[in-house]
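Participant: Have a look at the structure that comes next, please.
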Amino acid sequence: MLNKFRLLTPGPTPLPERVRLALAKDMIHHRKSEFKAVMGRVQEKLRVLFGTADVVLPLSCSGTGAMTAAVYSLFTPGQRVLVVEGGKFGQRWRGIAASRGLLTTVIEVPWGQAVDPQAVADALRADPTIAGVLVQHSETSTGVLHPVEEVARITRETNTLLVVDGISAVSLAPCPMDQWGIDCLVTGSQKGLMLPPGLALLALSPRAWQRAESVTPGCFYFNLPKERAKIAQGQTLFTSPVNLVVGLDESLDMLLENGLEAVYAKQWALTMQARAGVTAMGLELYAKTHFAWGITSVLLPEGIDGVEVLRIAMEKYGVCLAGGQDHMKGRMVRIGHMGWVDWADLAAGLYALNRGIIEAGGHCGSRDYQEAAMAAYRAALAGKPGQALPLVHS
């Protein structure tokens with residue numbers, strides 16, 4: 001009872017009371033009229049969220065399932081794809097492509113950095129047989145935001161499909177699918193959508209649908225043309241995650257009731273708050289320039305055990321943060337500020353990080369990091385989302 005528990009990881013994320021109550025409603029049948037009505041409302045709102053005029057498919061799986069569905073539905077064994085690999089989830093794209101029997105050309109991007117769109121253009125020019133570009137919008141393992149809009153300007157002038165993992169970006173940072181020219185955009189329920197894990201969402205452009213209709217699906221479960229036919233009837237191809245769809249109906253209402261611009265403004269302000277607070281502590285931000293709007297990655301001082309920092313933050317201060325992955329395990333802390341997280345939650349996260357480092361044997365000479373963080377938050381709210389602040393070294 002000493003501390004309120006705060007979940008500040010990059011997924012799963014906290015659930016609003018409105019969503020929890022929606023999830024707790026009595027079960028309904030996924031082939032009957034009541035569920036079809038819910039699905040109709042959800043489809044209208046998903047089109048707004050994705051920025052697309054086409055259908056958005058709910059899939060009963062995690063975000064990785066949607067990534068798999070995209071690769072297995074848009075490409076055939078033996079085709080070549082270009083993979084942007086700048087973190088753990090870029091590696092996942094390559095693994096999924098290999099499991100489908102695709103040939104891969106990899107752009108290796110140093111962790112903490114974003115891909116150079118010119119590198120994508122050069123790769124496509126060097127090999128016109130490349131059928132798709134697979135990239136993260138937000139690379140969750142590093143906190144990097146790849147320049148997807150710039151990459152889309154390149155791919156939409158070619159026959160190459162742009163497939164984007166927006167799992168930790170959709171509903172957190174702008175990613176208007178049709179406007180930018182993205183061919184496939186996927187996300188998952190447990191990030192900015194403020195739902196439990198288990199539901200993924202996938203949308204295709206008209207030319208991606210043409211490709212999907214010409215490809216023999218790579219597995220029985222993921223059949224996107226059949227899923228689209230079922231969505232036209234207000235259903236899903238197989239058993240629907242009914243309660244998650246009902247919860248999605250409510251969470252989309254919350255996201256859209258003040259407009260997406262208000263959501264993006266909040267997310268940008270939280271990002272500025274986190275980066276300013278971390279910088280004021282004397283810590284190093286891992287993603288220096290192209291950084292995500294829902295997660296802030298922080299390098300720990302030499303000699304500080306990141307696992308111990310996380311333990312202290314959780315056990316003594318009630319804040320659950322995330323650590324680094326692969327070679328960054330124990331060297332990084334990732335602060336999630338996605339979805340149902342506000343400035344007070346993030347202030348608690350910064351305090352828990354500060355105390356965790358100190359109690360793990362580190363040092364922090366700053367006494368005003370919270371003031372610096374809140375000043376950045378206020379300034380960001382008064383400005384334009386995406387407009388960097390001088391006091392945040394970005």
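Lettering and numbering for the structure tokens are positional, with chains as A, B, ... in the shown order, residues counted from 1 in each chain, and ligands counted from 1 in the shown order.
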Region 304-372 of chain A near region 136-140 of chain A within 12 Å: what's each residue's closest atom pair and its distance in Å to one decimal, counting only C-alpha atoms, ordered by chain then ascending residue number, as CSV?
Facilitator:
residue,atom,partner,partner_atom,distance
A:Ala322,CA,A:Thr140,CA,10.7
A:Gly323,CA,A:Thr140,CA,11.3
A:Gly324,CA,A:Thr140,CA,10.1
A:Gln325,CA,A:Thr140,CA,10.0
A:Arg334,CA,A:Thr140,CA,9.0
A:Ile335,CA,A:Thr140,CA,10.7
A:Gly336,CA,A:Thr140,CA,9.6
A:Met338,CA,A:Thr140,CA,11.6
Participant: If you keep N, CA and C atoms, can you produce a file of those selected residues as a short mmCIF file (atom, residue, chain, number, x, y, z; two decimals), in the first residue's frame?
Facilitator:
data_model
loop_
_atom_site.label_atom_id
_atom_site.label_comp_id
_atom_site.auth_asym_id
_atom_site.auth_seq_id
_atom_site.Cartn_x
_atom_site.Cartn_y
_atom_site.Cartn_z
N ALA A 322 11.42 -0.95 -18.28
CA ALA A 322 11.97 -2.03 -19.10
C ALA A 322 13.47 -1.85 -19.26
N GLY A 323 14.16 -2.96 -19.48
CA GLY A 323 15.60 -2.92 -19.69
C GLY A 323 15.96 -3.02 -21.16
N GLY A 324 17.24 -3.08 -21.42
CA GLY A 324 17.72 -3.26 -22.78
C GLY A 324 17.63 -4.71 -23.21
N GLN A 325 17.79 -4.93 -24.51
CA GLN A 325 17.73 -6.27 -25.07
C GLN A 325 19.05 -6.63 -25.73
N ARG A 334 14.55 1.47 -20.56
CA ARG A 334 13.57 2.01 -21.50
C ARG A 334 12.33 2.43 -20.70
N ILE A 335 12.00 3.71 -20.80
CA ILE A 335 10.84 4.27 -20.10
C ILE A 335 9.68 4.32 -21.09
N GLY A 336 8.63 3.58 -20.82
CA GLY A 336 7.45 3.61 -21.67
C GLY A 336 6.51 4.72 -21.23
N MET A 338 3.32 5.36 -23.06
CA MET A 338 2.35 5.08 -24.11
C MET A 338 0.94 5.03 -23.56
#
Participant: Report, in Å to a single decimal, how far apart CA of Thr64 (chain A) and CA of Gly198 (chain A) are.
Facilitator: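 One can read the CA of Gly198 (chain A) to CA of Thr64 (chain A) distance as 10.3 Å.
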Participant: Determine the nearest neighbour of Phe291 (chain A) from the options A:Leu193, A:Val263, A:Met272, A:Leu74, counting only C-alpha atoms.
Facilitator: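 Between A:Leu193, A:Val263, A:Met272, A:Leu74, the residue approaching Phe291 (chain A) most closely is A:Met272.
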Participant: At a cut-off of 10 Å, using only C-alpha atoms, what residues contact Ala375 (chain A)? Leave out same-chain residues fewer than 5 positions from it and give the result as a ChimeraX atom specification.
Facilitator: /A:272-273,276-277,369-370,380,391
Participant: Considering only C-alpha atoms, return as a list in words whatever protein or nucleic-acid residues lie within 9 Å of Val245 (chain A), sequence-local ones (same chain, fewer than 5 positions apart) excluded.
Facilitator: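 The filter keeps Leu23, Phe35, Val38, Met39, Val42, Pro58, Leu199, Ser240 and Glu250 of chain A.
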Participant: Could you jot down the CA of Leu260 (chain A) to CA of Pro385 (chain A) separation for me, Å, one decimal place?
Facilitator: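 According to the coordinates, CA of Leu260 (chain A) and CA of Pro385 (chain A) are separated by 11.4 Å.
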Participant: Let's see if you can do this: from backbone DSSP, list all alpha helix (DSSP H) residues in region 161-249 of chain A, as a ChimeraX atom specification.
Facilitator: /A:177-180,206-214,224-231,242-249
Participant: Where in region 212-323 of chain A does DSSP assign strand (DSSP E), given as number ranges by chain?
Facilitator: A: 284-285, 295-299, 319-320, 322-323
Participant: How many Å lie between CA of Leu185 (chain A) and CA of Phe220 (chain A), rounded to one decimal?
Facilitator: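 It comes out at 21.2 Å.
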Participant: Would you kindly return, as a PDB file with C-alpha atoms, in the first residue's frame, each protein, DNA or RNA residue with an atom no farther than 9 Å from any atom of Leu7 (chain A), considering only C-alpha atoms and excluding same-chain residues fewer than 2 positions away?
Facilitator:
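Written output follows (around_14.pdb):
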ATOM      1  CA  PHE A   5       1.890   0.488  -9.057  1.00  0.00           C
ATOM      2  CA  THR A   9       7.038  -0.346 -20.106  1.00  0.00           C
ATOM      3  CA  GLY A  11       3.983  -2.832 -23.747  1.00  0.00           C
ATOM      4  CA  PRO A  12       1.870  -4.047 -22.149  1.00  0.00           C
ATOM      5  CA  THR A  13       0.625  -0.665 -21.014  1.00  0.00           C
ATOM      6  CA  PRO A  14      -1.930   0.496 -18.409  1.00  0.00           C
ATOM      7  CA  GLY A 318       6.317   0.705  -7.506  1.00  0.00           C
ATOM      8  CA  VAL A 319       7.411   1.617 -11.036  1.00  0.00           C
ATOM      9  CA  CYS A 320       7.885  -1.081 -13.662  1.00  0.00           C
ATOM     10  CA  LEU A 321      10.395   0.019 -16.307  1.00  0.00           C
ATOM     11  CA  GLY A 336       7.453   3.610 -21.667  1.00  0.00           C
ATOM     12  CA  VAL A 341       0.092   7.394 -19.085  1.00  0.00           C
ATOM     13  CA  ASP A 345       3.038   8.799 -14.042  1.00  0.00           C
TER      14      ASP A 345
END
Participant: At a cut-off of 10 Å, using only C-alpha atoms, what residues contact Leu145 (chain A)? Leave out same-chain residues fewer than 4 positions from it and give the result as a VMD selection string.
Facilitator: chain A and resid 112 to 115 136 to 140 168 to 169 173 287 289 to 295
Participant: Near Ala119 (chain A), within 12 Å and counting only C-alpha atoms, which residues show up once chain neighbours fewer than 3 positions away are dropped, as a list in words?
Facilitator: Leu82, Val83, Val84, Thr105, Val106, Ile107, Glu108, Val109, Ala114, Val115, Asp116, Asp122, Ala123, Leu124, Arg125, Ala126, Val133, Pro147, Glu150, Val151 and Ile154 of chain A
Participant: Identify which of the residues A:Ala203, A:Thr279, A:Ala265, A:Leu252 lies closest to Arg41 (chain A), counting only C-alpha atoms when measuring atom-to-atom distances.
Facilitator: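 That would be A:Leu252, the residue with the smallest distance to Arg41 (chain A).
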Participant: Check the smallest atom-to-atom distance from each of A:Ile358, A:Leu270, A:Met281, A:Val120 to Ala313 (chain A) using only C-alpha atoms, then report the winner.
Facilitator: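 Using only C-alpha atoms, Ala313 (chain A) sits closest to A:Ile358.
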Participant: Pick from A:Met314, A:Val71, A:Met328, A:Leu255: nearest to Thr216 (chain A), with only C-alpha atoms counted?
Facilitator: A:Val71
